[in-house]
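Text of target35.txt (compact mmCIF, C-alpha atoms) as supplied:
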```txt
# COMPACT_ATOMS: atom_id res chain seq x y z
CA MET A 176 82.82 153.76 146.96
CA VAL A 177 85.21 153.59 144.04
CA ASP A 178 83.44 152.79 140.77
CA ASN A 179 84.32 149.79 138.66
CA PHE A 180 85.78 151.77 135.80
CA SER A 181 88.14 153.61 138.13
CA ILE A 182 89.31 150.36 139.73
CA GLU A 183 89.84 148.64 136.37
CA SER A 184 91.81 151.56 134.96
CA ARG A 185 94.14 151.38 137.95
CA LEU A 186 94.50 147.61 137.92
CA LEU A 187 97.36 145.58 136.49
CA ILE A 188 96.87 141.87 135.78
CA ARG A 189 100.24 140.14 135.66
CA GLU A 190 101.77 136.72 136.22
CA PHE A 191 102.62 135.60 139.73
CA ASP A 192 106.29 136.22 140.62
CA GLU A 193 107.63 133.52 142.94
CA ASP A 194 110.48 135.73 144.11
CA ARG A 195 108.36 138.59 145.42
CA ASP A 196 104.71 137.47 145.63
CA VAL A 197 104.70 134.32 147.78
CA LYS A 198 104.20 135.99 151.16
CA VAL A 199 101.82 138.62 149.79
CA VAL A 200 99.60 136.05 148.09
CA GLY A 201 99.60 133.95 151.24
CA LYS A 202 98.36 136.94 153.23
CA LEU A 203 95.74 137.76 150.59
CA GLU A 204 94.36 134.22 150.66
CA ARG A 205 94.23 134.22 154.45
CA ASN A 206 92.17 137.41 154.22
CA CYS A 207 89.74 135.54 151.98
CA GLU A 208 88.87 133.08 154.73
CA ILE A 209 85.37 131.64 154.85
CA GLY A 210 83.18 132.44 157.81
CA THR A 211 81.77 135.21 159.92
CA LYS A 212 83.34 137.39 162.59
CA LYS A 213 81.45 135.41 165.23
CA GLY A 214 81.85 131.96 163.71
CA VAL A 215 84.43 129.77 162.07
CA SER A 216 86.84 130.88 159.38
CA ILE A 217 88.66 128.50 157.06
CA PHE A 218 91.62 128.97 154.79
CA THR A 219 93.82 126.83 152.60
CA ASN A 220 97.34 126.36 153.87
CA MET A 221 99.44 126.02 150.72
CA MET A 222 102.46 125.11 152.83
CA GLY A 223 104.49 127.93 151.31
CA ASP A 224 103.74 127.00 147.68
CA PRO A 225 100.86 128.97 146.08
CA LEU A 226 101.37 126.97 142.86
CA SER A 227 100.95 123.59 144.55
CA ARG A 228 97.51 122.91 143.02
CA ILE A 229 98.55 123.57 139.42
CA ARG A 230 102.13 122.32 139.23
CA PHE A 231 100.81 118.94 138.07
CA TYR A 232 99.93 120.44 134.68
CA PRO A 233 102.62 121.22 132.06
CA LEU A 234 100.58 124.27 131.00
CA HIS A 235 99.59 126.40 133.99
CA VAL A 236 99.54 130.00 135.10
CA MET A 237 98.81 132.07 138.18
CA LEU A 238 97.70 135.67 137.68
CA VAL A 239 97.53 138.42 140.27
CA ALA A 240 95.60 141.70 140.27
CA GLU A 241 97.78 144.59 141.42
CA LEU A 242 96.73 148.19 142.10
CA LEU A 243 99.04 150.41 140.06
CA GLU A 244 99.28 153.22 142.62
CA SER A 245 99.91 151.28 145.82
CA ARG A 246 101.23 147.99 144.34
CA GLU A 247 98.77 146.18 146.59
CA LEU A 248 97.66 142.71 145.44
CA VAL A 249 93.87 142.54 145.55
CA GLY A 250 93.12 139.33 143.65
CA VAL A 251 94.51 136.08 142.29
CA VAL A 252 93.42 133.31 139.94
CA ARG A 253 94.97 130.03 138.80
CA GLY A 254 94.52 128.38 135.42
CA CYS A 255 95.71 125.24 133.65
CA ILE A 256 95.14 123.44 130.36
CA LYS A 257 94.66 119.72 129.78
CA SER A 258 93.64 117.43 126.95
CA MET A 259 90.31 115.61 127.22
CA ARG A 260 88.51 112.95 125.20
CA THR A 261 84.78 112.65 124.45
CA PRO A 262 82.66 109.59 123.52
CA SER A 263 82.90 110.61 119.85
CA GLU A 264 86.70 110.23 120.20
CA SER A 265 87.20 113.99 119.84
CA LEU A 266 90.31 115.43 121.48
CA LEU A 267 89.78 118.74 123.24
CA LYS A 268 92.10 121.19 124.94
CA ILE A 269 90.21 122.51 127.94
CA GLY A 270 91.31 125.29 130.26
CA CYS A 271 90.41 125.00 133.95
CA ILE A 272 89.92 127.96 136.28
CA LEU A 273 90.98 127.23 139.85
CA GLY A 274 91.32 129.26 143.02
CA LEU A 275 89.84 132.67 142.16
CA ARG A 276 90.24 135.03 145.14
CA VAL A 277 89.44 138.72 145.54
CA SER A 278 90.29 140.77 148.62
CA PRO A 279 87.13 141.41 150.70
CA THR A 280 87.68 145.17 150.47
CA HIS A 281 87.77 145.10 146.66
CA ARG A 282 84.86 142.81 145.79
CA ARG A 283 82.02 143.84 143.47
CA LYS A 284 84.33 146.31 141.75
CA GLY A 285 85.24 144.33 138.63
CA VAL A 286 88.45 142.73 139.94
CA GLY A 287 87.13 139.16 139.71
CA LEU A 288 85.74 139.75 136.21
CA LYS A 289 89.05 141.11 134.98
CA LEU A 290 90.96 138.19 136.44
CA VAL A 291 88.60 135.72 134.75
CA THR A 292 88.83 137.40 131.33
CA SER A 293 92.62 137.58 131.66
CA VAL A 294 93.00 133.88 132.44
CA GLU A 295 90.61 133.07 129.56
CA GLU A 296 92.85 135.09 127.21
CA TRP A 297 95.87 133.11 128.44
CA MET A 298 94.01 129.87 127.77
CA LEU A 299 93.03 130.93 124.27
CA ARG A 300 96.61 131.96 123.44
CA ASN A 301 97.76 128.50 124.51
CA GLY A 302 95.28 126.64 122.33
CA ALA A 303 92.37 125.95 124.70
CA GLU A 304 89.05 125.53 122.92
CA TYR A 305 86.84 125.61 126.02
CA ALA A 306 87.10 126.95 129.56
CA PHE A 307 85.83 125.02 132.54
CA LEU A 308 85.21 125.61 136.25
CA ALA A 309 83.30 124.11 139.17
CA THR A 310 81.37 125.77 141.97
CA GLU A 311 78.85 124.87 144.64
CA LYS A 312 75.23 125.03 143.50
CA LYS A 313 74.31 127.42 146.34
CA ASN A 314 77.16 129.82 145.64
CA ASP A 315 75.06 132.61 144.12
CA ALA A 316 77.95 135.08 143.84
CA SER A 317 80.04 132.64 141.81
CA ARG A 318 77.14 131.59 139.59
CA ASN A 319 76.24 135.21 138.89
CA LEU A 320 79.79 136.09 137.90
CA PHE A 321 80.28 133.16 135.55
CA THR A 322 76.82 132.74 134.03
CA ASN A 323 75.58 136.34 133.83
CA LYS A 324 78.80 138.27 133.33
CA CYS A 325 81.13 135.73 131.73
CA LYS A 326 78.51 133.74 129.73
CA TYR A 327 79.29 130.26 131.01
CA VAL A 328 76.68 127.49 130.69
CA SER A 329 76.00 124.52 132.94
CA LEU A 330 77.86 121.39 131.85
CA SER A 331 77.15 118.83 134.55
CA SER A 332 75.64 118.36 138.01
CA LEU A 333 77.60 116.32 140.52
CA VAL A 334 77.44 115.25 144.14
CA ILE A 335 80.35 115.52 146.57
CA PHE A 336 80.31 112.92 149.35
CA VAL A 337 82.19 113.75 152.54
CA HIS A 338 82.90 111.58 155.56
CA PRO A 339 85.23 111.89 158.57
CA ILE A 340 87.89 109.19 158.58
CA SER A 341 86.22 107.66 161.65
CA PHE A 342 83.89 105.35 159.73
CA PRO A 343 81.38 103.37 161.89
CA ALA A 344 83.20 100.50 163.57
CA LYS A 345 82.99 97.47 161.35
CA HIS A 346 85.55 95.57 159.36
CA VAL A 347 85.45 94.98 155.63
CA SER A 348 83.25 91.99 154.88
CA LYS A 349 85.11 88.68 154.84
CA ASP A 350 83.41 87.95 151.52
CA ILE A 351 85.12 90.95 149.89
CA LYS A 352 88.76 91.34 148.91
CA ILE A 353 90.50 94.62 148.11
CA GLU A 354 93.64 94.06 146.09
CA LYS A 355 96.19 96.65 144.99
CA VAL A 356 97.23 96.58 141.34
CA ASN A 357 100.49 97.85 139.91
CA ILE A 358 100.78 100.94 137.72
CA ASP A 359 100.78 99.01 134.45
CA GLN A 360 97.66 97.07 135.45
CA ALA A 361 95.96 100.28 136.56
CA ILE A 362 96.73 102.05 133.30
CA SER A 363 95.43 99.08 131.32
CA LEU A 364 92.22 98.91 133.34
CA TYR A 365 91.55 102.64 133.12
CA ARG A 366 92.32 102.69 129.40
CA ARG A 367 89.23 100.52 128.99
CA THR A 368 86.91 101.65 131.78
CA LEU A 369 87.26 105.36 130.96
CA ARG A 370 85.36 104.68 127.74
CA ALA A 371 82.22 104.67 129.87
CA LYS A 372 82.79 108.33 130.80
CA GLU A 373 81.45 111.21 128.73
CA LEU A 374 84.52 113.33 129.42
CA TYR A 375 87.91 112.23 130.72
CA PRO A 376 91.59 113.30 130.64
CA LEU A 377 94.08 111.80 128.21
CA ASP A 378 96.94 111.76 130.71
CA MET A 379 95.53 109.22 133.16
CA ASP A 380 98.93 107.54 133.28
CA SER A 381 100.48 110.80 134.51
CA ILE A 382 97.84 111.16 137.22
CA LEU A 383 98.45 107.61 138.44
CA LYS A 384 102.22 108.19 138.55
CA GLU A 385 102.00 111.40 140.59
CA LYS A 386 103.46 111.10 144.08
CA LEU A 387 100.13 112.21 145.58
CA SER A 388 98.39 109.18 144.06
CA LEU A 389 98.75 106.47 146.70
CA GLY A 390 97.76 103.66 144.36
CA THR A 391 94.94 101.83 142.62
CA TRP A 392 92.88 98.97 144.03
CA VAL A 393 90.16 96.60 142.88
CA SER A 394 87.35 95.55 145.22
CA TYR A 395 85.60 92.27 144.37
CA TYR A 396 83.85 89.29 145.89
CA LYS A 397 86.20 86.45 146.76
CA ASP A 398 83.96 83.74 145.33
CA GLU A 399 84.16 85.42 141.91
CA GLY A 400 87.94 85.64 142.00
CA TRP A 401 90.32 88.37 140.83
CA LEU A 402 92.20 86.02 138.52
CA ASN A 403 88.98 85.19 136.70
CA LEU A 404 88.10 88.88 136.58
CA GLN A 405 91.59 89.79 135.39
CA LYS A 406 91.21 87.50 132.42
CA LYS A 407 87.95 89.20 131.56
CA VAL A 408 89.25 92.76 131.81
CA GLU A 409 92.17 91.88 129.57
CA SER A 410 89.63 91.47 126.81
CA GLU A 411 89.58 94.43 124.44
CA ASP A 412 85.83 94.88 124.90
CA ILE A 413 85.56 95.41 128.65
CA ILE A 414 82.24 97.29 128.60
CA THR A 415 79.97 94.41 127.67
CA ASN A 416 77.09 92.53 129.22
CA GLU A 417 79.17 89.37 129.23
CA ILE A 418 81.00 90.43 132.41
CA THR A 419 78.90 89.12 135.30
CA SER A 420 81.42 89.64 138.11
CA SER A 421 80.74 92.58 140.44
CA TRP A 422 83.85 94.67 140.95
CA ILE A 423 84.98 98.28 141.42
CA ILE A 424 88.27 99.91 140.57
CA PHE A 425 89.36 103.00 142.53
CA SER A 426 92.40 105.15 143.21
CA ILE A 427 93.31 107.38 146.17
CA TRP A 428 94.80 110.89 146.08
CA ASN A 429 96.51 112.29 149.18
CA THR A 430 96.08 116.07 149.46
CA CYS A 431 97.97 116.14 152.76
CA GLU A 432 101.24 116.30 150.84
CA ALA A 433 100.22 119.27 148.66
CA TYR A 434 98.06 121.60 150.73
CA LYS A 435 96.06 121.55 153.93
CA LEU A 436 93.02 123.22 155.41
CA GLN A 437 92.83 125.11 158.66
CA LEU A 438 90.11 126.50 160.92
CA LYS A 439 90.00 129.43 163.31
CA LYS A 440 87.68 129.65 166.35
CA SER A 441 85.94 126.70 167.96
CA GLN A 442 82.35 126.97 166.81
CA PRO A 443 79.95 124.55 165.05
CA LEU A 444 80.50 124.31 161.31
CA ARG A 445 76.95 125.05 160.24
CA PHE A 446 76.71 128.63 159.01
CA LEU A 447 79.70 128.94 156.71
CA HIS A 448 79.58 131.36 153.81
CA THR A 449 81.06 130.31 150.51
CA THR A 450 83.46 132.12 148.20
CA LEU A 451 84.98 131.13 144.88
CA ASN A 452 87.35 128.71 146.58
CA HIS A 453 86.49 125.17 145.53
CA ALA A 454 87.60 122.29 147.73
CA ARG A 455 87.42 123.96 151.11
CA ASP A 456 83.94 125.37 150.38
CA LYS A 457 82.62 121.88 149.95
CA ILE A 458 84.21 120.05 152.83
CA PHE A 459 83.17 122.02 155.87
CA PRO A 460 79.48 122.69 155.26
CA CYS A 461 79.15 118.92 155.04
CA LEU A 462 80.84 118.04 158.32
CA ARG A 463 78.29 117.87 161.09
CA MET A 464 80.80 118.26 163.89
CA SER A 465 82.31 120.88 166.16
CA VAL A 466 85.83 122.12 165.65
CA SER A 467 88.13 120.09 167.87
CA ASP A 468 91.67 121.05 168.79
CA SER A 469 92.95 118.65 166.12
CA LEU A 470 90.88 120.37 163.42
CA CYS A 471 92.26 123.76 164.45
CA ARG A 472 95.63 122.58 163.19
CA PRO A 473 96.28 122.26 159.42
CA PHE A 474 94.90 118.99 158.09
CA GLY A 475 94.31 117.23 154.78
CA PHE A 476 92.00 114.66 153.20
CA LEU A 477 91.99 111.62 150.95
CA PHE A 478 90.16 111.88 147.64
CA LEU A 479 88.69 108.78 145.99
CA TYR A 480 88.97 109.08 142.21
CA GLY A 481 88.69 106.92 139.11
CA LEU A 482 85.76 104.99 140.59
CA HIS A 483 84.23 102.59 138.09
CA GLY A 484 82.08 99.58 138.88
CA GLU A 485 80.43 96.75 137.01
CA GLY A 486 77.99 94.06 138.08
CA GLU A 487 74.82 93.94 140.15
CA ASN A 488 76.19 93.74 143.70
CA LEU A 489 78.01 97.05 144.06
CA GLY A 490 76.61 98.33 147.37
CA GLY A 491 78.73 96.11 149.59
CA LEU A 492 81.81 96.83 147.50
CA MET A 493 81.35 100.60 147.82
CA GLU A 494 81.00 100.30 151.58
CA SER A 495 84.17 98.24 151.73
CA ILE A 496 86.02 100.92 149.76
CA TRP A 497 84.98 103.68 152.20
CA ARG A 498 86.05 101.57 155.19
CA PHE A 499 89.35 100.71 153.54
CA THR A 500 90.09 104.34 152.68
CA SER A 501 89.09 105.54 156.15
CA ARG A 502 91.49 103.07 157.76
CA LEU A 503 94.21 104.24 155.39
CA GLY A 504 93.51 107.86 156.37
CA GLU A 505 93.85 107.02 160.05
CA SER A 506 97.45 105.96 159.38
CA LEU A 507 98.36 109.23 157.66
CA LYS A 508 99.51 112.25 159.61
CA ASP A 509 96.98 115.13 159.67
CA CYS A 510 94.36 113.33 157.54
CA ARG A 511 90.83 113.95 158.81
CA VAL A 512 88.38 113.45 155.90
CA VAL A 513 87.60 111.11 152.98
CA ILE A 514 85.89 112.64 149.93
CA THR A 515 84.70 111.59 146.50
CA GLU A 516 82.71 113.31 143.75
CA LEU A 517 80.41 111.59 141.25
CA GLY A 518 78.31 112.83 138.35
CA PHE A 519 74.53 112.53 138.55
CA GLY A 520 74.62 109.92 135.79
CA ASP A 521 77.34 107.77 137.33
CA PRO A 522 75.91 104.32 138.22
CA LEU A 523 77.89 104.32 141.48
CA VAL A 524 76.22 107.45 142.84
CA ASN A 525 73.35 105.31 144.13
CA HIS A 526 75.69 102.91 145.95
CA VAL A 527 77.57 105.35 148.20
CA PRO A 528 77.01 104.19 151.82
CA GLN A 529 74.45 106.41 153.56
CA THR A 530 75.69 106.45 157.15
CA ALA A 531 74.65 109.07 159.71
CA SER A 532 78.01 110.81 159.25
CA MET A 533 77.97 110.82 155.44
CA SER A 534 77.17 114.24 154.00
CA CYS A 535 76.77 115.46 150.46
CA ILE A 536 76.63 118.73 148.60
CA ASP A 537 75.53 119.62 145.08
CA ASP A 538 78.24 120.79 142.71
CA ILE A 539 77.93 122.30 139.23
CA TRP A 540 80.45 122.32 136.40
CA TYR A 541 80.30 125.20 133.95
CA THR A 542 81.88 125.62 130.54
CA LYS A 543 82.38 128.28 127.88
CA ARG A 544 83.54 128.09 124.29
CA LEU A 545 86.71 130.15 123.79
CA SER A 546 87.65 129.26 120.23
CA SER A 547 85.59 130.22 117.20
CA HIS A 548 86.79 127.08 115.40
CA SER A 549 85.17 124.44 117.62
CA ASP A 550 83.58 121.29 116.20
CA GLU A 551 79.77 121.10 116.02
CA LYS A 552 79.75 117.69 117.74
CA ASP A 553 81.83 119.06 120.61
CA ASP A 554 79.52 122.04 120.96
CA GLU A 555 76.56 119.68 121.10
CA LEU A 556 78.19 117.75 123.95
CA LEU A 557 79.59 120.63 125.99
CA MET A 558 77.33 123.60 125.31
CA LYS A 559 73.82 122.33 124.61
CA ARG A 560 73.12 119.55 127.08
CA GLN A 561 74.03 118.19 130.51
CA ILE A 562 76.52 115.33 130.71
CA GLY A 563 76.05 112.90 133.57
CA ASN A 564 78.97 110.48 133.85
CA VAL A 565 82.29 112.31 134.03
CA PHE A 566 85.76 111.68 135.38
CA VAL A 567 86.58 113.96 138.31
CA ASP A 568 90.26 114.86 138.12
CA PRO A 569 91.87 114.84 141.59
CA ARG A 570 94.23 117.61 140.49
CA ASP A 571 91.25 119.97 140.08
CA PHE A 572 89.66 119.38 143.45
```

How does this structure look as C-alpha cells?
Amino acid sequence: MVDNFSIESRLLIREFDEDRDVKVVGKLERNCEIGTKKGVSIFTNMMGDPLSRIRFYPLHVMLVAELLESRELVGVVRGCIKSMRTPSESLLKIGCILGLRVSPTHRRKGVGLKLVTSVEEWMLRNGAEYAFLATEKKNDASRNLFTNKCKYVSLSSLVIFVHPISFPAKHVSKDIKIEKVNIDQAISLYRRTLRAKELYPLDMDSILKEKLSLGTWVSYYKDEGWLNLQKKVESEDIITNEITSSWIIFSIWNTCEAYKLQLKKSQPLRFLHTTLNHARDKIFPCLRMSVSDSLCRPFGFLFLYGLHGEGENLGGLMESIWRFTSRLGESLKDCRVVITELGFGDPLVNHVPQTASMSCIDDIWYTKRLSSHSDEKDDELLMKRQIGNVFVDPRDF
C-alpha cells in the first residue's frame, strides 16, 4: 500500500479542463458507482456535461486530482458560492461542496481530503465566509472525513421524501384547486414567505427563471378562494395570525433536463452502499422496488422545492400536491421519481402523505467557518446550534 504522504506528494489538484477531461471524468465517475459486485450499481449520467450541476451558479469550480507520474485522474470535486440571508437579515457568502468522488483504488490515501481543502481554499479566495455540504446520516465515511478530518459541524437535520411517480390511484380532491402563478407573482410570494426560513438564498428569482424550474403553483381550498387569498398575500406582513386560509405554495424542478441516473444489473435495491455522491445516494435506498427494464435506462426525477404552507388544514393540500406532481412526471420522458426535502423544524414535514410507497431518509447538513472575520451572530446561528426550517435549493440536490 502506498502511504498518504507519498500519494499527496505525487498529486496535482487543478481545475477541470473541458477540452481534455470530459471523457476521463465521465469514466472516473462511472467507476465510482454505488453497489456491490453481486448487486445493483448506480451512477449519474451527466449527459456529456460534468459541469451540469454547477453551471447555475455564477461562481463555480470543478477540481480534479491528477497523479503527476501517470497523469491519471483519481478524484474530482465540485464547488460553488451563493449569497444567503439569515433571520437577523445578515447576508452571507456560503460555499457549497458538491459531487466529491475518489477512484476506488485510491481511497483512504488522502485524495479526498486534499480535494476538500483545495475547494475550500478556492471558496475563501472568492469571498466565501462559510463552507457547506450535505450527506446521508448513515454515511459514516463521509461524516468521518468532514467532521473528524475537516472540522465541520452539524448545521441541520432534514428528511428526504421519495415516491415513484405512480401515486396510488385517486384524483385530486374536488374541494382543492391547484393554480399556477406567473413568475412575478411567484417572486412576490416567495419574497414574503421566505422570511419564515432560517436560511435561504438571495437569488430566488434566478432559481424560478431557470429552464429546469417548471413553474410555481398554489394549492388551496376552493371555498376559501384564491382571489381572497391573493389579496391577503399582497399585504406586506404575510406571516401573521390574521391569515386563516389554508394554502401551500410550491415549485417543481425537472432534473431530467440536466442529468439522469442509471442502474446496472436487475436486483432488488435494498443493500446499496453509499459514497460521497448526494442525490443518487438518497433516491435508491428509499425505493422499495426491483429494477425494471425501464429503470435500467437513464432516468430523472422531479424535485418539489420552495414548499411553504399556512393554515390548519394542510394535510389534504400536501396530498394533492404529490398527486399533481406525480401526474406531471408521468407526462415527462424518462421521469420515474418525485422527491422533496424538508428540515426537521418545517411545519410541513408532518403533513407529507404517508402512503405504502412513500420512503424517507435522514439527511444532515454540515458547515465550517472559513473566514476569520465572521460575525458573532452568524457564528451563533451556523456553528453553535441546529437550525430547523431551511430552504432546500434544487440546484444543490

- Item | Selection near segment 331-341 of chain A, 7 Å with all atoms listed in the file, sequence-local residues under 4 positions removed, as a PyMOL selection string | chain A and resi 458+461+501+504-505+511-519+532-540+561-563

Around all listed atoms of segment 242-259 of chain A, padded 5 Å per side, what centre and edge lengths does the axis-aligned box have in Å to one decimal, as JSON?
```
{"center_x": 95.8, "center_y": 134.4, "center_z": 136.8, "size_x": 20.9, "size_y": 47.6, "size_z": 29.6}
```

- Task: Would you list the contacts of Leu523 of chain A as a list of chain:residue names, taking every protein, DNA or RNA residue within 10 Å and counting only C-alpha atoms, but skipping same-chain residues closer than 6 positions in sequence?
- Result: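 After dropping sequence-adjacent residues, the list is A:Ile423, A:Leu482, A:His483, A:Gly484, A:Glu485, A:Leu489, A:Gly490, A:Met493, A:Leu517, A:Asn564.
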
- Could you state the separation of atom CA of Asn319 of chain A and atom CA of Arg230 of chain A in Å, given to one decimal place? 28.9 Å

- Query: Taking into account all atoms listed in the file, which residue in the set A:Thr310, A:Asn357, A:Ser426, A:Asn488 is nearest to Glu399 of chain A?
  - Reply: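 Using all atoms listed in the file, the shortest distance to Glu399 of chain A belongs to A:Asn488.
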
- Note on the structure: One residue among A:Ser329, A:Ser263, A:Asn206, A:Ser381 is nearest to Met558 of chain A when using all atoms listed in the file, and that residue is A:Ser329

- Quote the spacing between atom CA of Tyr541 of chain A and atom CA of Lys268 of chain A in Å to one decimal place. 15.4 Å

- Which polymer residues have any atom within 12 Å of an atom of Arg246 of chain A, counting all atoms listed in the file, with same-chain residues fewer than 4 positions away left out, as number ranges by chain? A: 185-189, 195-196, 199, 239-242, 250

- Note on the structure: Taken to one decimal, the atom CA of Val236 of chain A-atom CA of Phe566 of chain A distance is 22.9 Å

- Using only C-alpha atoms, what residues lie at most 7 Å away from (95.4, 93.7, 145.7) (file coordinates), given as a list in words? Ile353, Glu354, Lys355, Val356, Trp392 and Val393 of chain A

- Using only C-alpha atoms: which of A:His526, A:Arg228, A:Lys384, A:Lys326 has the shortest distance to Gly274 of chain A: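 Among A:His526, A:Arg228, A:Lys384, A:Lys326, it is A:Arg228 that comes nearest to Gly274 of chain A.
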
- Best match for closeness to Glu295 of chain A among A:Lys257, A:Arg544, A:Arg318, A:Arg498, counting all atoms listed in the file: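 Counting all atoms listed in the file, the residue closest to Glu295 of chain A is A:Arg544.
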
- Task: Determine the nearest neighbour of Leu545 of chain A from the options A:Val294, A:Val251, A:Leu436, A:Val524, counting only C-alpha atoms.
- Result: A:Val294

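The residue that comes closest to Lys543 of chain A, out of A:Ala303, A:Val527, A:Leu288, A:Cys255 and on the basis of all atoms listed in the file, is A:Ala303.
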